[in-house]
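Asks: The structure file entry.pdb (PDB, C-alpha atoms, pLDDT in the B column) is provided below.
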```pdb
ATOM      1  CA  MET A 951       4.011 -89.759  -2.099  1.00 56.00           C
ATOM      2  CA  GLN A 952       5.685 -86.532  -2.279  1.00 58.00           C
ATOM      3  CA  ILE A 953       3.989 -83.217  -1.696  1.00 58.00           C
ATOM      4  CA  GLN A 954       5.166 -80.312  -3.616  1.00 57.00           C
ATOM      5  CA  ILE A 955       5.092 -77.068  -1.810  1.00 57.00           C
ATOM      6  CA  ASN A 956       4.843 -74.005  -3.880  1.00 56.00           C
ATOM      7  CA  SER A 957       7.659 -71.911  -2.519  1.00 53.00           C
ATOM      8  CA  ARG A 958       6.953 -68.889  -4.575  1.00 58.00           C
ATOM      9  CA  ARG A 959       6.911 -65.674  -2.662  1.00 60.00           C
ATOM     10  CA  LYS A 960       4.196 -63.194  -3.160  1.00 65.00           C
ATOM     11  CA  ARG A 961       5.686 -60.173  -4.740  1.00 69.00           C
ATOM     12  CA  SER A 962       4.284 -56.852  -3.643  1.00 74.00           C
ATOM     13  CA  ARG A 963       3.131 -54.663  -6.440  1.00 74.00           C
ATOM     14  CA  PRO A 964       4.084 -50.993  -6.565  1.00 74.00           C
ATOM     15  CA  MET A 965       1.536 -48.782  -4.895  1.00 72.00           C
ATOM     16  CA  SER A 966      -0.342 -46.798  -7.499  1.00 76.00           C
ATOM     17  CA  GLU A 967      -2.059 -44.419  -5.088  1.00 79.00           C
ATOM     18  CA  MET A 968      -0.508 -41.195  -3.965  1.00 78.00           C
ATOM     19  CA  ASN A 969      -0.499 -40.263  -0.287  1.00 82.00           C
ATOM     20  CA  LEU A 970      -2.375 -36.939  -0.173  1.00 81.00           C
ATOM     21  CA  VAL A 971      -2.247 -36.348   3.580  1.00 84.00           C
ATOM     22  CA  PRO A 972       0.956 -34.214   3.541  1.00 86.00           C
ATOM     23  CA  TYR A 973      -0.373 -32.102   0.682  1.00 89.00           C
ATOM     24  CA  ILE A 974      -3.663 -31.519   2.478  1.00 90.00           C
ATOM     25  CA  ASP A 975      -1.757 -30.451   5.605  1.00 91.00           C
ATOM     26  CA  VAL A 976       0.290 -27.939   3.637  1.00 92.00           C
ATOM     27  CA  MET A 977      -2.806 -26.554   1.923  1.00 93.00           C
ATOM     28  CA  LEU A 978      -4.598 -26.115   5.264  1.00 94.00           C
ATOM     29  CA  VAL A 979      -1.628 -24.180   6.641  1.00 94.00           C
ATOM     30  CA  LEU A 980      -1.622 -21.943   3.566  1.00 94.00           C
ATOM     31  CA  VAL A 981      -5.367 -21.318   3.903  1.00 94.00           C
ATOM     32  CA  VAL A 982      -4.922 -20.306   7.545  1.00 93.00           C
ATOM     33  CA  ILE A 983      -2.093 -17.925   6.628  1.00 91.00           C
ATOM     34  CA  LEU A 984      -4.211 -16.427   3.849  1.00 89.00           C
ATOM     35  CA  MET A 985      -7.177 -15.988   6.184  1.00 87.00           C
ATOM     36  CA  ILE A 986      -5.006 -14.131   8.693  1.00 86.00           C
ATOM     37  CA  THR A 987      -3.187 -11.854   6.243  1.00 83.00           C
ATOM     38  CA  ALA A 988      -6.029 -10.977   3.834  1.00 78.00           C
ATOM     39  CA  PRO A 989      -7.851  -8.563   6.172  1.00 72.00           C
ATOM     40  CA  LEU A 990      -4.574  -6.813   6.976  1.00 69.00           C
ATOM     41  CA  LEU A 991      -3.934  -6.102   3.303  1.00 63.00           C
ATOM     42  CA  THR A 992      -7.286  -4.456   2.633  1.00 51.00           C
ATOM     43  CA  GLN A 993      -7.554  -2.162   5.656  1.00 42.00           C
ATOM     44  CA  GLY A 994      -6.201   1.367   5.874  1.00 39.00           C
ATOM     45  CA  VAL A 995      -5.314   4.132   3.477  1.00 39.00           C
ATOM     46  CA  HIS A 996      -2.136   3.913   1.459  1.00 42.00           C
ATOM     47  CA  VAL A 997       0.148   6.752   2.573  1.00 39.00           C
ATOM     48  CA  GLN A 998       3.845   7.324   2.155  1.00 40.00           C
ATOM     49  CA  LEU A 999       5.275   8.686   5.376  1.00 40.00           C
ATOM     50  CA  PRO A1000       8.758  10.171   5.154  1.00 40.00           C
ATOM     51  CA  SER A1001      11.384   8.762   7.465  1.00 43.00           C
ATOM     52  CA  ALA A1002      14.020  10.737   9.328  1.00 45.00           C
ATOM     53  CA  SER A1003      16.792   9.491   7.061  1.00 49.00           C
ATOM     54  CA  ALA A1004      14.951  10.262   3.802  1.00 50.00           C
ATOM     55  CA  LYS A1005      16.731  12.148   1.085  1.00 53.00           C
ATOM     56  CA  ALA A1006      15.569  15.591   0.074  1.00 56.00           C
ATOM     57  CA  LEU A1007      13.106  15.865  -2.786  1.00 52.00           C
ATOM     58  CA  PRO A1008      14.730  16.402  -6.182  1.00 54.00           C
ATOM     59  CA  GLU A1009      14.654  20.037  -7.266  1.00 55.00           C
ATOM     60  CA  LYS A1010      13.833  19.275 -10.894  1.00 57.00           C
ATOM     61  CA  SER A1011      10.243  18.383 -10.050  1.00 68.00           C
ATOM     62  CA  ALA A1012       8.526  20.396  -7.332  1.00 78.00           C
ATOM     63  CA  PRO A1013       5.815  18.362  -5.609  1.00 85.00           C
ATOM     64  CA  ILE A1014       2.213  19.446  -5.190  1.00 87.00           C
ATOM     65  CA  VAL A1015       1.639  20.234  -1.512  1.00 87.00           C
ATOM     66  CA  VAL A1016      -1.773  20.956  -0.032  1.00 89.00           C
ATOM     67  CA  SER A1017      -1.560  22.539   3.409  1.00 87.00           C
ATOM     68  CA  VAL A1018      -4.464  22.303   5.853  1.00 87.00           C
ATOM     69  CA  ASP A1019      -4.391  24.814   8.723  1.00 85.00           C
ATOM     70  CA  GLN A1020      -5.979  24.563  12.161  1.00 84.00           C
ATOM     71  CA  GLN A1021      -9.312  25.969  10.921  1.00 85.00           C
ATOM     72  CA  GLY A1022      -9.485  23.501   8.022  1.00 85.00           C
ATOM     73  CA  ASN A1023      -8.582  26.014   5.292  1.00 87.00           C
ATOM     74  CA  MET A1024      -6.624  24.574   2.360  1.00 89.00           C
ATOM     75  CA  TYR A1025      -3.672  26.149   0.562  1.00 88.00           C
ATOM     76  CA  LEU A1026      -1.949  24.963  -2.625  1.00 88.00           C
ATOM     77  CA  ASN A1027       1.781  25.594  -2.997  1.00 85.00           C
ATOM     78  CA  THR A1028       1.677  25.600  -6.812  1.00 81.00           C
ATOM     79  CA  SER A1029      -1.149  28.118  -7.158  1.00 78.00           C
ATOM     80  CA  PRO A1030      -0.382  31.700  -8.290  1.00 76.00           C
ATOM     81  CA  THR A1031      -1.128  32.863  -4.736  1.00 77.00           C
ATOM     82  CA  PRO A1032       0.057  30.079  -2.400  1.00 77.00           C
ATOM     83  CA  ALA A1033      -0.608  32.148   0.745  1.00 80.00           C
ATOM     84  CA  GLN A1034      -4.321  32.536  -0.078  1.00 84.00           C
ATOM     85  CA  MET A1035      -6.949  29.978   0.859  1.00 87.00           C
ATOM     86  CA  ILE A1036      -8.214  27.836  -2.031  1.00 88.00           C
ATOM     87  CA  THR A1037     -11.698  26.396  -2.435  1.00 90.00           C
ATOM     88  CA  PRO A1038     -12.155  22.628  -2.861  1.00 89.00           C
ATOM     89  CA  GLN A1039     -13.399  23.097  -6.455  1.00 92.00           C
ATOM     90  CA  ASN A1040     -10.382  25.215  -7.410  1.00 89.00           C
ATOM     91  CA  LEU A1041      -8.076  22.768  -5.648  1.00 88.00           C
ATOM     92  CA  MET A1042      -9.421  19.853  -7.678  1.00 90.00           C
ATOM     93  CA  SER A1043      -9.236  21.703 -10.999  1.00 89.00           C
ATOM     94  CA  ASP A1044      -5.709  23.072 -10.373  1.00 90.00           C
ATOM     95  CA  VAL A1045      -4.302  19.741  -9.248  1.00 89.00           C
ATOM     96  CA  SER A1046      -6.050  17.876 -12.060  1.00 91.00           C
ATOM     97  CA  SER A1047      -4.605  20.195 -14.703  1.00 91.00           C
ATOM     98  CA  GLN A1048      -1.103  19.942 -13.190  1.00 89.00           C
ATOM     99  CA  LEU A1049      -1.243  16.150 -13.079  1.00 89.00           C
ATOM    100  CA  GLN A1050      -2.486  15.964 -16.673  1.00 90.00           C
ATOM    101  CA  ALA A1051       0.283  18.313 -17.814  1.00 89.00           C
ATOM    102  CA  ALA A1052       2.889  16.156 -16.073  1.00 87.00           C
ATOM    103  CA  GLN A1053       1.392  13.028 -17.605  1.00 86.00           C
ATOM    104  CA  THR A1054       1.585  14.448 -21.147  1.00 88.00           C
ATOM    105  CA  GLU A1055       5.290  15.126 -20.501  1.00 86.00           C
ATOM    106  CA  HIS A1056       5.694  11.516 -19.273  1.00 83.00           C
ATOM    107  CA  GLN A1057       6.587  12.672 -15.772  1.00 82.00           C
ATOM    108  CA  THR A1058       5.185  11.828 -12.391  1.00 82.00           C
ATOM    109  CA  LYS A1059       4.171  14.481  -9.924  1.00 85.00           C
ATOM    110  CA  GLU A1060       4.418  13.792  -6.210  1.00 87.00           C
ATOM    111  CA  VAL A1061       1.369  14.880  -4.185  1.00 89.00           C
ATOM    112  CA  TYR A1062       1.515  15.546  -0.435  1.00 88.00           C
ATOM    113  CA  VAL A1063      -0.769  16.816   2.313  1.00 89.00           C
ATOM    114  CA  LYS A1064       0.711  18.890   5.125  1.00 87.00           C
ATOM    115  CA  GLY A1065      -1.774  19.116   7.990  1.00 84.00           C
ATOM    116  CA  ASP A1066      -1.576  21.223  11.125  1.00 83.00           C
ATOM    117  CA  ARG A1067      -1.177  19.242  14.340  1.00 79.00           C
ATOM    118  CA  ASN A1068      -4.399  20.735  15.727  1.00 81.00           C
ATOM    119  CA  ALA A1069      -6.381  20.417  12.489  1.00 81.00           C
ATOM    120  CA  ASN A1070      -9.476  18.258  12.410  1.00 84.00           C
ATOM    121  CA  TYR A1071      -8.621  14.804  11.074  1.00 85.00           C
ATOM    122  CA  GLY A1072     -11.705  14.931   8.859  1.00 88.00           C
ATOM    123  CA  GLU A1073     -10.425  18.065   7.107  1.00 89.00           C
ATOM    124  CA  ILE A1074      -7.130  16.378   6.296  1.00 88.00           C
ATOM    125  CA  MET A1075      -8.969  13.315   4.994  1.00 90.00           C
ATOM    126  CA  SER A1076     -11.244  15.482   2.846  1.00 91.00           C
ATOM    127  CA  ALA A1077      -8.134  17.090   1.320  1.00 91.00           C
ATOM    128  CA  MET A1078      -6.791  13.633   0.515  1.00 91.00           C
ATOM    129  CA  VAL A1079     -10.113  12.609  -1.042  1.00 91.00           C
ATOM    130  CA  LEU A1080     -10.167  15.767  -3.173  1.00 91.00           C
ATOM    131  CA  LEU A1081      -6.648  15.013  -4.392  1.00 90.00           C
ATOM    132  CA  GLN A1082      -7.596  11.458  -5.293  1.00 90.00           C
ATOM    133  CA  LYS A1083     -10.660  12.702  -7.171  1.00 91.00           C
ATOM    134  CA  ALA A1084      -8.373  15.104  -9.044  1.00 90.00           C
ATOM    135  CA  GLY A1085      -6.344  12.130 -10.294  1.00 88.00           C
ATOM    136  CA  ALA A1086      -3.569  11.663  -7.733  1.00 87.00           C
ATOM    137  CA  SER A1087      -3.031   7.945  -7.291  1.00 84.00           C
ATOM    138  CA  ASP A1088      -0.662   8.181  -4.298  1.00 85.00           C
ATOM    139  CA  VAL A1089      -1.037  10.911  -1.697  1.00 87.00           C
ATOM    140  CA  GLY A1090       1.657  11.232   0.962  1.00 83.00           C
ATOM    141  CA  LEU A1091       1.608  12.941   4.324  1.00 83.00           C
ATOM    142  CA  ILE A1092       4.325  15.375   5.367  1.00 82.00           C
ATOM    143  CA  THR A1093       5.361  15.065   8.979  1.00 77.00           C
ATOM    144  CA  LYS A1094       7.970  16.677  11.163  1.00 73.00           C
ATOM    145  CA  SER A1095      10.694  14.449  12.543  1.00 70.00           C
ATOM    146  CA  PRO A1096      10.532  14.124  16.313  1.00 66.00           C
ATOM    147  CA  PRO A1097      13.346  15.834  18.243  1.00 64.00           C
ATOM    148  CA  LYS A1098      16.232  13.569  19.098  1.00 67.00           C
ATOM    149  CA  GLN A1099      16.226  12.527  22.721  1.00 63.00           C
ATOM    150  CA  GLN A1100      19.518  12.671  24.536  1.00 60.00           C
ATOM    151  CA  THR A1101      20.486   9.672  26.568  1.00 55.00           C
TER     152      THR A1101
END
```
Let me see the file written as C-alpha cells.

Replies:
Amino acid sequence: MQIQINSRRKRSRPMSEMNLVPYIDVMLVLVVILMITAPLLTQGVHVQLPSASAKALPEKSAPIVVSVDQQGNMYLNTSPTPAQMITPQNLMSDVSSQLQAAQTEHQTKEVYVKGDRNANYGEIMSAMVLLQKAGASDVGLITKSPPKQQT
C-alpha cells in the first residue's frame, strides 16, 4: 500500500483589509495641532504695525489718520479743520463718507490711529471701534521707530 501525501502548499490570499493605524496616528497629530493653533488665531485685534524699514505711503492717496491726544480728544487729518477736536459722531460720519467716496471710485483708503504715548488705552480702542463702525475694515496703528542703539 502506498499513501499519497497531498503536497500542495497553502497559498496565502491577498489581504483585503487596510491597515488604518498609521492614518489614525496622523489624524490624531493633526487634531492636536489644530487644538493648539485655533485659539491663537481667534485672539487679539487685527492691526498693521509699520516696521522700521517700511516704505513711505504713496502720495496719490492720503490716508485717514485719527489722532488721540493725552486727554483722549480725537482729531481727524482729513477734516476741514484738522487742528480742532472732533466729536465721535462727526468722526464716524466724516470717515464713513470718505470711505464710501473711495469705494465708488474703486479705490481703497488706508485708515490709521495715532495715539499719544500717555493716552488712555481705552480711548485709543474707542477710536478704533468708531472707525470700524464707520466702515473701515482694517485699522492700523502708527508708531514711532525706536532710536537706534549704538554698540

Asks: Please write as number ranges by chain the full residue list that the PyMOL selection byres ((chain A and resi 1061) around 12) yields on this file.

Replies: A: 997-998, 1007, 1011-1017, 1026-1028, 1045-1046, 1048-1049, 1058-1060, 1062-1064, 1077-1078, 1080-1082, 1084-1092

Asks: Let me make sure I understand: among A:Val976, A:Ala988, A:Asp1044, A:Glu1073, which one has the smallest atom-to-atom distance to Met1024 of chain A if we use all atoms listed in the file?

Replies: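 Among A:Val976, A:Ala988, A:Asp1044, A:Glu1073, it is A:Glu1073 that comes nearest to Met1024 of chain A.
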
Asks: What does the distance between atom CA of Ile1074 of chain A and atom CA of Thr1054 of chain A come to in Å, to one decimal place?

Replies: 28.9 Å

Asks: Which residue gives the smallest distance to Asp1019 of chain A among A:Gly1065, A:Pro1032, A:Pro1038, A:Pro989, with all atoms listed in the file counted?

Replies: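 Checking each of A:Gly1065, A:Pro1032, A:Pro1038, A:Pro989 against Asp1019 of chain A, counting all atoms listed in the file, the winner is A:Gly1065.
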
Asks: Please, what distance in Å, to one decimal, runs between atom CA of Pro1030 of chain A and atom CA of Gln1053 of chain A?

Replies: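 Taking atom CA of Pro1030 of chain A and atom CA of Gln1053 of chain A, their separation equals 20.9 Å.
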
Asks: Find, counting only C-alpha atoms, the residue in A:Val979, A:Val1079, A:Met968, A:Arg963 that gets nearest to Met1042 of chain A.

Replies: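 Smallest separation from Met1042 of chain A among the options: A:Val1079.
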
Asks: At what distance in Å, to one decimal, does atom CA of Val1018 of chain A lie from atom CA of Ala1051 of chain A?

Replies: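 Going from atom CA of Ala1051 of chain A over to atom CA of Val1018 of chain A, I get 24.5 Å.
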
Asks: Please evaluate the PyMOL selection byres ((chain A and resi 1036) around 8) against the structure above and give the resulting residues as a ChimeraX atom specification.

Replies: /A:1023-1026,1034-1035,1037-1038,1040-1041

Asks: With all heavy atoms as the target, complete segment 1025-1036 of chain A and hand it back as a PDB file, keeping the file's coordinate frame.

Replies:
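Okay, rebuild.pdb is ready:
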```
ATOM      1  N   TYR A1025      -4.576  25.306   1.339  1.00 88.00           N
ATOM      2  CA  TYR A1025      -3.672  26.149   0.562  1.00 88.00           C
ATOM      3  C   TYR A1025      -2.895  25.252  -0.387  1.00 88.00           C
ATOM      4  O   TYR A1025      -2.496  24.154  -0.027  1.00 88.00           O
ATOM      5  CB  TYR A1025      -2.707  26.898   1.488  1.00 88.00           C
ATOM      6  CG  TYR A1025      -3.399  27.720   2.535  1.00 88.00           C
ATOM      7  CD1 TYR A1025      -3.736  27.172   3.768  1.00 88.00           C
ATOM      8  CD2 TYR A1025      -3.725  29.038   2.288  1.00 88.00           C
ATOM      9  CE1 TYR A1025      -4.375  27.923   4.732  1.00 88.00           C
ATOM     10  CE2 TYR A1025      -4.362  29.801   3.252  1.00 88.00           C
ATOM     11  CZ  TYR A1025      -4.682  29.235   4.473  1.00 88.00           C
ATOM     12  OH  TYR A1025      -5.325  29.987   5.426  1.00 88.00           O
ATOM     13  N   LEU A1026      -2.671  25.732  -1.603  1.00 88.00           N
ATOM     14  CA  LEU A1026      -1.949  24.963  -2.625  1.00 88.00           C
ATOM     15  C   LEU A1026      -0.640  25.664  -2.937  1.00 88.00           C
ATOM     16  O   LEU A1026      -0.637  26.847  -3.305  1.00 88.00           O
ATOM     17  CB  LEU A1026      -2.804  24.812  -3.883  1.00 88.00           C
ATOM     18  CG  LEU A1026      -2.236  23.971  -5.011  1.00 88.00           C
ATOM     19  CD1 LEU A1026      -2.022  22.529  -4.562  1.00 88.00           C
ATOM     20  CD2 LEU A1026      -3.156  24.009  -6.212  1.00 88.00           C
ATOM     21  N   ASN A1027       0.473  24.967  -2.800  1.00 85.00           N
ATOM     22  CA  ASN A1027       1.781  25.594  -2.997  1.00 85.00           C
ATOM     23  C   ASN A1027       2.067  25.960  -4.446  1.00 85.00           C
ATOM     24  O   ASN A1027       2.880  26.829  -4.714  1.00 85.00           O
ATOM     25  CB  ASN A1027       2.898  24.692  -2.465  1.00 85.00           C
ATOM     26  CG  ASN A1027       3.133  23.480  -3.342  1.00 85.00           C
ATOM     27  OD1 ASN A1027       2.209  22.933  -3.939  1.00 85.00           O
ATOM     28  ND2 ASN A1027       4.373  23.034  -3.410  1.00 85.00           N
ATOM     29  N   THR A1028       1.402  25.327  -5.408  1.00 81.00           N
ATOM     30  CA  THR A1028       1.677  25.600  -6.812  1.00 81.00           C
ATOM     31  C   THR A1028       0.684  26.573  -7.430  1.00 81.00           C
ATOM     32  O   THR A1028       0.733  26.815  -8.636  1.00 81.00           O
ATOM     33  CB  THR A1028       1.677  24.289  -7.621  1.00 81.00           C
ATOM     34  OG1 THR A1028       0.413  23.638  -7.420  1.00 81.00           O
ATOM     35  CG2 THR A1028       2.808  23.379  -7.192  1.00 81.00           C
ATOM     36  N   SER A1029      -0.196  27.143  -6.617  1.00 78.00           N
ATOM     37  CA  SER A1029      -1.149  28.118  -7.158  1.00 78.00           C
ATOM     38  C   SER A1029      -0.440  29.458  -7.320  1.00 78.00           C
ATOM     39  O   SER A1029       0.622  29.694  -6.734  1.00 78.00           O
ATOM     40  CB  SER A1029      -2.365  28.263  -6.233  1.00 78.00           C
ATOM     41  OG  SER A1029      -2.001  28.939  -5.053  1.00 78.00           O
ATOM     42  N   PRO A1030      -1.009  30.379  -8.122  1.00 76.00           N
ATOM     43  CA  PRO A1030      -0.382  31.700  -8.290  1.00 76.00           C
ATOM     44  C   PRO A1030      -0.262  32.464  -6.970  1.00 76.00           C
ATOM     45  O   PRO A1030       0.656  33.252  -6.795  1.00 76.00           O
ATOM     46  CB  PRO A1030      -1.318  32.427  -9.261  1.00 76.00           C
ATOM     47  CG  PRO A1030      -2.091  31.349  -9.934  1.00 76.00           C
ATOM     48  CD  PRO A1030      -2.153  30.205  -8.994  1.00 76.00           C
ATOM     49  N   THR A1031      -1.175  32.221  -6.051  1.00 77.00           N
ATOM     50  CA  THR A1031      -1.128  32.863  -4.736  1.00 77.00           C
ATOM     51  C   THR A1031      -1.142  31.779  -3.660  1.00 77.00           C
ATOM     52  O   THR A1031      -2.189  31.451  -3.106  1.00 77.00           O
ATOM     53  CB  THR A1031      -2.335  33.803  -4.549  1.00 77.00           C
ATOM     54  OG1 THR A1031      -3.533  33.061  -4.776  1.00 77.00           O
ATOM     55  CG2 THR A1031      -2.272  34.971  -5.508  1.00 77.00           C
ATOM     56  N   PRO A1032       0.026  31.203  -3.338  1.00 77.00           N
ATOM     57  CA  PRO A1032       0.057  30.079  -2.400  1.00 77.00           C
ATOM     58  C   PRO A1032      -0.324  30.455  -0.968  1.00 77.00           C
ATOM     59  O   PRO A1032      -0.682  29.588  -0.188  1.00 77.00           O
ATOM     60  CB  PRO A1032       1.499  29.580  -2.469  1.00 77.00           C
ATOM     61  CG  PRO A1032       2.278  30.659  -3.089  1.00 77.00           C
ATOM     62  CD  PRO A1032       1.341  31.498  -3.885  1.00 77.00           C
ATOM     63  N   ALA A1033      -0.268  31.737  -0.622  1.00 80.00           N
ATOM     64  CA  ALA A1033      -0.608  32.148   0.745  1.00 80.00           C
ATOM     65  C   ALA A1033      -2.105  32.382   0.918  1.00 80.00           C
ATOM     66  O   ALA A1033      -2.560  32.621   2.028  1.00 80.00           O
ATOM     67  CB  ALA A1033       0.163  33.404   1.117  1.00 80.00           C
ATOM     68  N   GLN A1034      -2.876  32.328  -0.178  1.00 84.00           N
ATOM     69  CA  GLN A1034      -4.321  32.536  -0.078  1.00 84.00           C
ATOM     70  C   GLN A1034      -5.039  31.196  -0.032  1.00 84.00           C
ATOM     71  O   GLN A1034      -4.633  30.227  -0.682  1.00 84.00           O
ATOM     72  CB  GLN A1034      -4.848  33.342  -1.284  1.00 84.00           C
ATOM     73  CG  GLN A1034      -4.589  34.814  -1.171  1.00 84.00           C
ATOM     74  CD  GLN A1034      -5.325  35.571  -2.277  1.00 84.00           C
ATOM     75  OE1 GLN A1034      -5.636  35.013  -3.312  1.00 84.00           O
ATOM     76  NE2 GLN A1034      -5.573  36.841  -2.026  1.00 84.00           N
ATOM     77  N   MET A1035      -6.134  31.178   0.733  1.00 87.00           N
ATOM     78  CA  MET A1035      -6.949  29.978   0.859  1.00 87.00           C
ATOM     79  C   MET A1035      -7.525  29.609  -0.513  1.00 87.00           C
ATOM     80  O   MET A1035      -7.825  30.486  -1.319  1.00 87.00           O
ATOM     81  CB  MET A1035      -8.073  30.265   1.855  1.00 87.00           C
ATOM     82  CG  MET A1035      -8.964  29.092   2.132  1.00 87.00           C
ATOM     83  SD  MET A1035     -10.254  29.474   3.320  1.00 87.00           S
ATOM     84  CE  MET A1035     -11.238  30.638   2.402  1.00 87.00           C
ATOM     85  N   ILE A1036      -7.668  28.303  -0.759  1.00 88.00           N
ATOM     86  CA  ILE A1036      -8.214  27.836  -2.031  1.00 88.00           C
ATOM     87  C   ILE A1036      -9.474  27.019  -1.746  1.00 88.00           C
ATOM     88  O   ILE A1036      -9.543  26.305  -0.743  1.00 88.00           O
ATOM     89  CB  ILE A1036      -7.159  27.010  -2.813  1.00 88.00           C
ATOM     90  CG1 ILE A1036      -7.621  26.728  -4.233  1.00 88.00           C
ATOM     91  CG2 ILE A1036      -6.806  25.745  -2.091  1.00 88.00           C
ATOM     92  CD1 ILE A1036      -6.522  26.227  -5.143  1.00 88.00           C
TER      93      ILE A1036
END
```
